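Trainee: Following this message is one structure expressed as structure tokens.
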Amino acid sequence: MLIGEVARRSGVSTRMLRHYDALGLVRPTGRTVGGYREYSAEDVRRIFHVESLRSLGLSLKQIGRALQDPGFTPSALVSDLIRWTEERLARERELLERLRAIDASAPGDWQDVLRTVELMRELDSASAARRQQAVLARPEGRPVPAELLAGAVLAESDPVVAGALRWALARSGGDGVAALAAGAQSEDVDIRRRAVLAIAGMPEAPGATEVLEEALADPDPRVRGHAALALGRHGVAAAVPALVGMVVEGSRDVDAAEALGTLSQDPVWADRITAALVDELAAPAADSATRIRLTQALVELGGTAARQALRQLAHDDDRTVALVASALARVLEERSPEDRTDEDS
């Protein structure tokens, strides 16, 4: 089979076949009377072997070794190929994210592109101070692209820099929620925490409430806590069970109680929240410290049901709980004397 026919059947160009011949990878078995290369069926099979190995990313030198050395074992080389491929994919993903960030900034000219690239470089700096300044020292009228900020938020471990990034992202108008939502689904718990905390800072952005409600089911208590506090402060009743759980567990219980107080301003939920706290007070597993936290949470609610619950707790068998409840009941009565008069009448 002459070289032209081999090229047509194999899809390998005649130039590459000549290159294989020069390297000794695939040398045609014979020559015609006129001196043309003539390939046998075995030669063609070898060409397909070479092409198969090339498709895995092996160099021609590695392919030659693999085909000629009978003692060559592929396992180590395949492991190296996997590592090299992963590194290449990581570089390409990084490049793709950079290009998307530049595109999202809607550059008007090459100067805009260069400024965005410079900002990316600063946000990738090993210096926390430089990363922070990259955001805080941004000139007026040159907002940081939201997607770029969101990516930086998800990657930032320094709490001071992270705070600056969240502040800048909250001012961006909520355009970074989609990128943060993806982070909220990450297998890395630190990334989920950063994502939900950032979304909690802009709960009114489109799509933020849905992401936060999904985060209420996260296995990590800090993720759930960030979501519950943000939702509770904005009157989303789905956060009530998580907020009550935070009071029980003593995890940011003061903040959780305040969020419950905000939710209790809705009369429909006021009695339900009070009932949920009272149920936890009566739980057999509730120790003294837990019951004190629950009692203190009642004062944030106000309303008739909360005052009645505190009055009953003022006679609790636990002396400490009784003293706390009695003092808090007086606070509520002083806060709403007209309600007390109505109840007494």
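By convention in this document, the chains of the structure tokens carry letters A, B, ... by their order, each chain's residues are numbered from 1, and ligands are numbered from 1 in the order they are shown.
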Would you give me, as a ChimeraX atom specification, the residues in stretch 207-343 of chain A that DSSP reads as alpha helix (DSSP H)?
Mentor: /A:208-215,221-233,240-249,253-263,267-281,288-298,303-313,319-335,337-343
Trainee: Find the residues near stretch 320-333 of chain A: any atom within 7 Å, counting only C-alpha atoms, skip ones fewer than 5 places away on the same chain, and give them as a PDB file with C-alpha atoms, in the first residue's frame.
Mentor:
ATOM      1  CA  ARG A 291     -33.306  26.430  79.425  1.00  0.00           C
ATOM      2  CA  ILE A 292     -31.809  29.769  80.488  1.00  0.00           C
ATOM      3  CA  THR A 295     -35.954  31.793  78.583  1.00  0.00           C
ATOM      4  CA  VAL A 299     -37.999  38.325  76.007  1.00  0.00           C
ATOM      5  CA  GLY A 302     -42.867  40.157  73.386  1.00  0.00           C
ATOM      6  CA  ARG A 307     -45.266  37.088  78.806  1.00  0.00           C
ATOM      7  CA  LEU A 310     -42.233  33.875  81.387  1.00  0.00           C
ATOM      8  CA  ARG A 311     -44.722  34.199  84.247  1.00  0.00           C
ATOM      9  CA  LEU A 313     -41.284  29.995  84.275  1.00  0.00           C
ATOM     10  CA  ALA A 314     -40.970  32.387  87.207  1.00  0.00           C
ATOM     11  CA  HIS A 315     -42.202  29.430  89.295  1.00  0.00           C
ATOM     12  CA  ARG A 340     -50.330  44.384  81.106  1.00  0.00           C
TER      13      ARG A 340
END
Trainee: Hey, can you check how far atom CA of A:Val177 sits from atom CA of A:Glu147?
Mentor: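 Taking atom CA of A:Val177 as the start and atom CA of A:Glu147 as the end point, the length is 8.6 Å.
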Trainee: Neighbours of stretch 82-94 of chain A within 12 Å (only C-alpha atoms; same-chain residues fewer than 3 positions away dropped), as a PyMOL selection string?
Mentor: chain A and resi 56-58+75-79+97-101+120+124+148+151
Trainee: Find the residues around A:Thr209 up to 9 Å (only C-alpha atoms counted), leave out those fewer than 5 positions away in its own chain, and share them as a list in words.
Mentor: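 Listed by chain and then number, they are Ile199, Ala200, Pro203, Glu204, Glu214, Ala227, Ala230, Leu231 and Val236 of chain A.
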Trainee: Just to be explicit: take each residue in the selection above, keep N, CA, C and O atoms, and write the result as a PDB file, in the first residue's frame.
Mentor:
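Heads up, here's the output in out11.pdb:
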ATOM      1  N   ILE A 199     -23.634  35.776  50.494  1.00  0.00           N
ATOM      2  CA  ILE A 199     -25.029  35.958  50.065  1.00  0.00           C
ATOM      3  C   ILE A 199     -25.863  36.541  51.202  1.00  0.00           C
ATOM      4  O   ILE A 199     -26.772  37.331  50.975  1.00  0.00           O
ATOM      5  N   ALA A 200     -25.525  36.162  52.437  1.00  0.00           N
ATOM      6  CA  ALA A 200     -26.249  36.708  53.594  1.00  0.00           C
ATOM      7  C   ALA A 200     -26.094  38.220  53.675  1.00  0.00           C
ATOM      8  O   ALA A 200     -26.950  38.901  54.238  1.00  0.00           O
ATOM      9  N   PRO A 203     -29.138  39.797  50.992  1.00  0.00           N
ATOM     10  CA  PRO A 203     -30.307  38.906  50.914  1.00  0.00           C
ATOM     11  C   PRO A 203     -31.404  39.376  49.986  1.00  0.00           C
ATOM     12  O   PRO A 203     -32.269  38.585  49.612  1.00  0.00           O
ATOM     13  N   GLU A 204     -31.389  40.650  49.606  1.00  0.00           N
ATOM     14  CA  GLU A 204     -32.438  41.158  48.724  1.00  0.00           C
ATOM     15  C   GLU A 204     -32.074  41.004  47.251  1.00  0.00           C
ATOM     16  O   GLU A 204     -32.885  41.321  46.373  1.00  0.00           O
ATOM     17  N   GLU A 214     -32.048  26.922  50.700  1.00  0.00           N
ATOM     18  CA  GLU A 214     -31.419  25.623  50.463  1.00  0.00           C
ATOM     19  C   GLU A 214     -30.303  25.366  51.466  1.00  0.00           C
ATOM     20  O   GLU A 214     -30.093  24.235  51.908  1.00  0.00           O
ATOM     21  N   ALA A 227     -27.179  31.263  57.033  1.00  0.00           N
ATOM     22  CA  ALA A 227     -28.405  31.344  56.241  1.00  0.00           C
ATOM     23  C   ALA A 227     -29.607  31.703  57.116  1.00  0.00           C
ATOM     24  O   ALA A 227     -30.421  32.568  56.752  1.00  0.00           O
ATOM     25  N   ALA A 230     -29.633  35.437  58.272  1.00  0.00           N
ATOM     26  CA  ALA A 230     -29.961  36.354  57.178  1.00  0.00           C
ATOM     27  C   ALA A 230     -31.447  36.289  56.837  1.00  0.00           C
ATOM     28  O   ALA A 230     -32.106  37.319  56.648  1.00  0.00           O
ATOM     29  N   LEU A 231     -31.975  35.073  56.763  1.00  0.00           N
ATOM     30  CA  LEU A 231     -33.392  34.922  56.429  1.00  0.00           C
ATOM     31  C   LEU A 231     -34.286  35.452  57.541  1.00  0.00           C
ATOM     32  O   LEU A 231     -35.292  36.121  57.287  1.00  0.00           O
ATOM     33  N   VAL A 236     -38.156  35.864  56.772  1.00  0.00           N
ATOM     34  CA  VAL A 236     -38.464  34.612  56.083  1.00  0.00           C
ATOM     35  C   VAL A 236     -38.678  33.525  57.133  1.00  0.00           C
ATOM     36  O   VAL A 236     -37.736  33.087  57.799  1.00  0.00           O
TER      37      VAL A 236
END
Trainee: Which residues are near A:His49? Cut-off 12 Å, only C-alpha atoms, ignore same chain within fewer than 2 positions. Put them as an mmCIF file with N, CA and C atoms, in the first residue's frame.
Mentor:
data_model
loop_
_atom_site.group_PDB
_atom_site.id
_atom_site.type_symbol
_atom_site.label_atom_id
_atom_site.label_comp_id
_atom_site.auth_asym_id
_atom_site.auth_seq_id
_atom_site.Cartn_x
_atom_site.Cartn_y
_atom_site.Cartn_z
ATOM 1 N N SER A 10 -5.964 6.039 6.849
ATOM 2 C CA SER A 10 -5.662 6.216 8.283
ATOM 3 C C SER A 10 -6.009 7.593 8.807
ATOM 4 N N LEU A 25 9.641 5.444 13.978
ATOM 5 C CA LEU A 25 8.418 4.968 14.629
ATOM 6 C C LEU A 25 7.681 3.970 13.737
ATOM 7 N N VAL A 26 7.467 4.315 12.500
ATOM 8 C CA VAL A 26 6.782 3.442 11.549
ATOM 9 C C VAL A 26 7.545 3.513 10.227
ATOM 10 N N GLU A 42 0.788 -4.910 8.628
ATOM 11 C CA GLU A 42 1.372 -4.745 9.961
ATOM 12 C C GLU A 42 1.843 -3.307 10.173
ATOM 13 N N ASP A 43 2.377 -2.685 9.127
ATOM 14 C CA ASP A 43 2.797 -1.288 9.223
ATOM 15 C C ASP A 43 1.602 -0.383 9.516
ATOM 16 N N VAL A 44 0.504 -0.661 8.850
ATOM 17 C CA VAL A 44 -0.695 0.155 9.058
ATOM 18 C C VAL A 44 -1.211 -0.003 10.488
ATOM 19 N N ARG A 45 -1.184 -1.243 11.009
ATOM 20 C CA ARG A 45 -1.610 -1.466 12.404
ATOM 21 C C ARG A 45 -0.737 -0.663 13.363
ATOM 22 N N ARG A 46 0.574 -0.601 13.057
ATOM 23 C CA ARG A 46 1.488 0.149 13.918
ATOM 24 C C ARG A 46 1.168 1.653 13.875
ATOM 25 N N ILE A 47 0.789 2.125 12.677
ATOM 26 C CA ILE A 47 0.387 3.534 12.570
ATOM 27 C C ILE A 47 -0.792 3.823 13.498
ATOM 28 N N GLU A 51 -1.045 6.443 16.692
ATOM 29 C CA GLU A 51 -2.087 7.460 16.805
ATOM 30 C C GLU A 51 -2.897 7.308 18.086
ATOM 31 N N SER A 52 -3.131 6.078 18.486
ATOM 32 C CA SER A 52 -3.876 5.844 19.735
ATOM 33 C C SER A 52 -3.107 6.389 20.929
ATOM 34 N N LEU A 53 -1.795 6.129 20.965
ATOM 35 C CA LEU A 53 -0.980 6.619 22.075
ATOM 36 C C LEU A 53 -0.848 8.133 22.038
ATOM 37 N N ARG A 54 -0.792 8.712 20.839
ATOM 38 C CA ARG A 54 -0.757 10.173 20.729
ATOM 39 C C ARG A 54 -2.029 10.797 21.302
ATOM 40 N N SER A 55 -3.160 10.109 21.102
ATOM 41 C CA SER A 55 -4.430 10.645 21.603
ATOM 42 C C SER A 55 -4.458 10.720 23.120
ATOM 43 N N LEU A 56 -3.584 9.946 23.791
ATOM 44 C CA LEU A 56 -3.500 9.981 25.254
ATOM 45 C C LEU A 56 -2.576 11.082 25.750
ATOM 46 N N LEU A 58 0.821 11.226 24.868
ATOM 47 C CA LEU A 58 2.222 10.820 24.892
ATOM 48 C C LEU A 58 2.994 11.551 23.790
ATOM 49 N N LEU A 60 6.085 11.718 20.957
ATOM 50 C CA LEU A 60 6.569 10.711 20.009
ATOM 51 C C LEU A 60 7.739 9.927 20.594
ATOM 52 N N ILE A 63 6.217 7.382 22.840
ATOM 53 C CA ILE A 63 5.560 6.350 22.030
ATOM 54 C C ILE A 63 6.598 5.376 21.487
ATOM 55 N N GLY A 64 7.722 5.897 20.999
ATOM 56 C CA GLY A 64 8.777 5.029 20.497
ATOM 57 C C GLY A 64 9.278 4.079 21.561
ATOM 58 N N ALA A 66 7.584 3.075 24.202
ATOM 59 C CA ALA A 66 6.518 2.135 24.530
ATOM 60 C C ALA A 66 6.430 1.002 23.520
ATOM 61 N N LEU A 67 6.656 1.322 22.232
ATOM 62 C CA LEU A 67 6.514 0.305 21.184
ATOM 63 C C LEU A 67 7.761 -0.572 21.030
#
Trainee: Need the shell around A:Ala134: protein/DNA/RNA residues with any atom at most 7 Å away, counting only C-alpha atoms. Skip same-chain ones fewer than 5 positions apart. Format as a list in words?
Mentor: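 Answer for this query is Leu119, Glu122 and Leu123 of chain A.
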Trainee: Could those residues be written to a file, using C-alpha atoms, as a PDB file, in the first residue's frame?
Mentor:
ATOM      1  CA  LEU A 119      -6.890  43.703  39.232  1.00  0.00           C
ATOM      2  CA  GLU A 122      -3.535  41.981  42.591  1.00  0.00           C
ATOM      3  CA  LEU A 123      -6.304  39.731  43.900  1.00  0.00           C
TER       4      LEU A 123
END
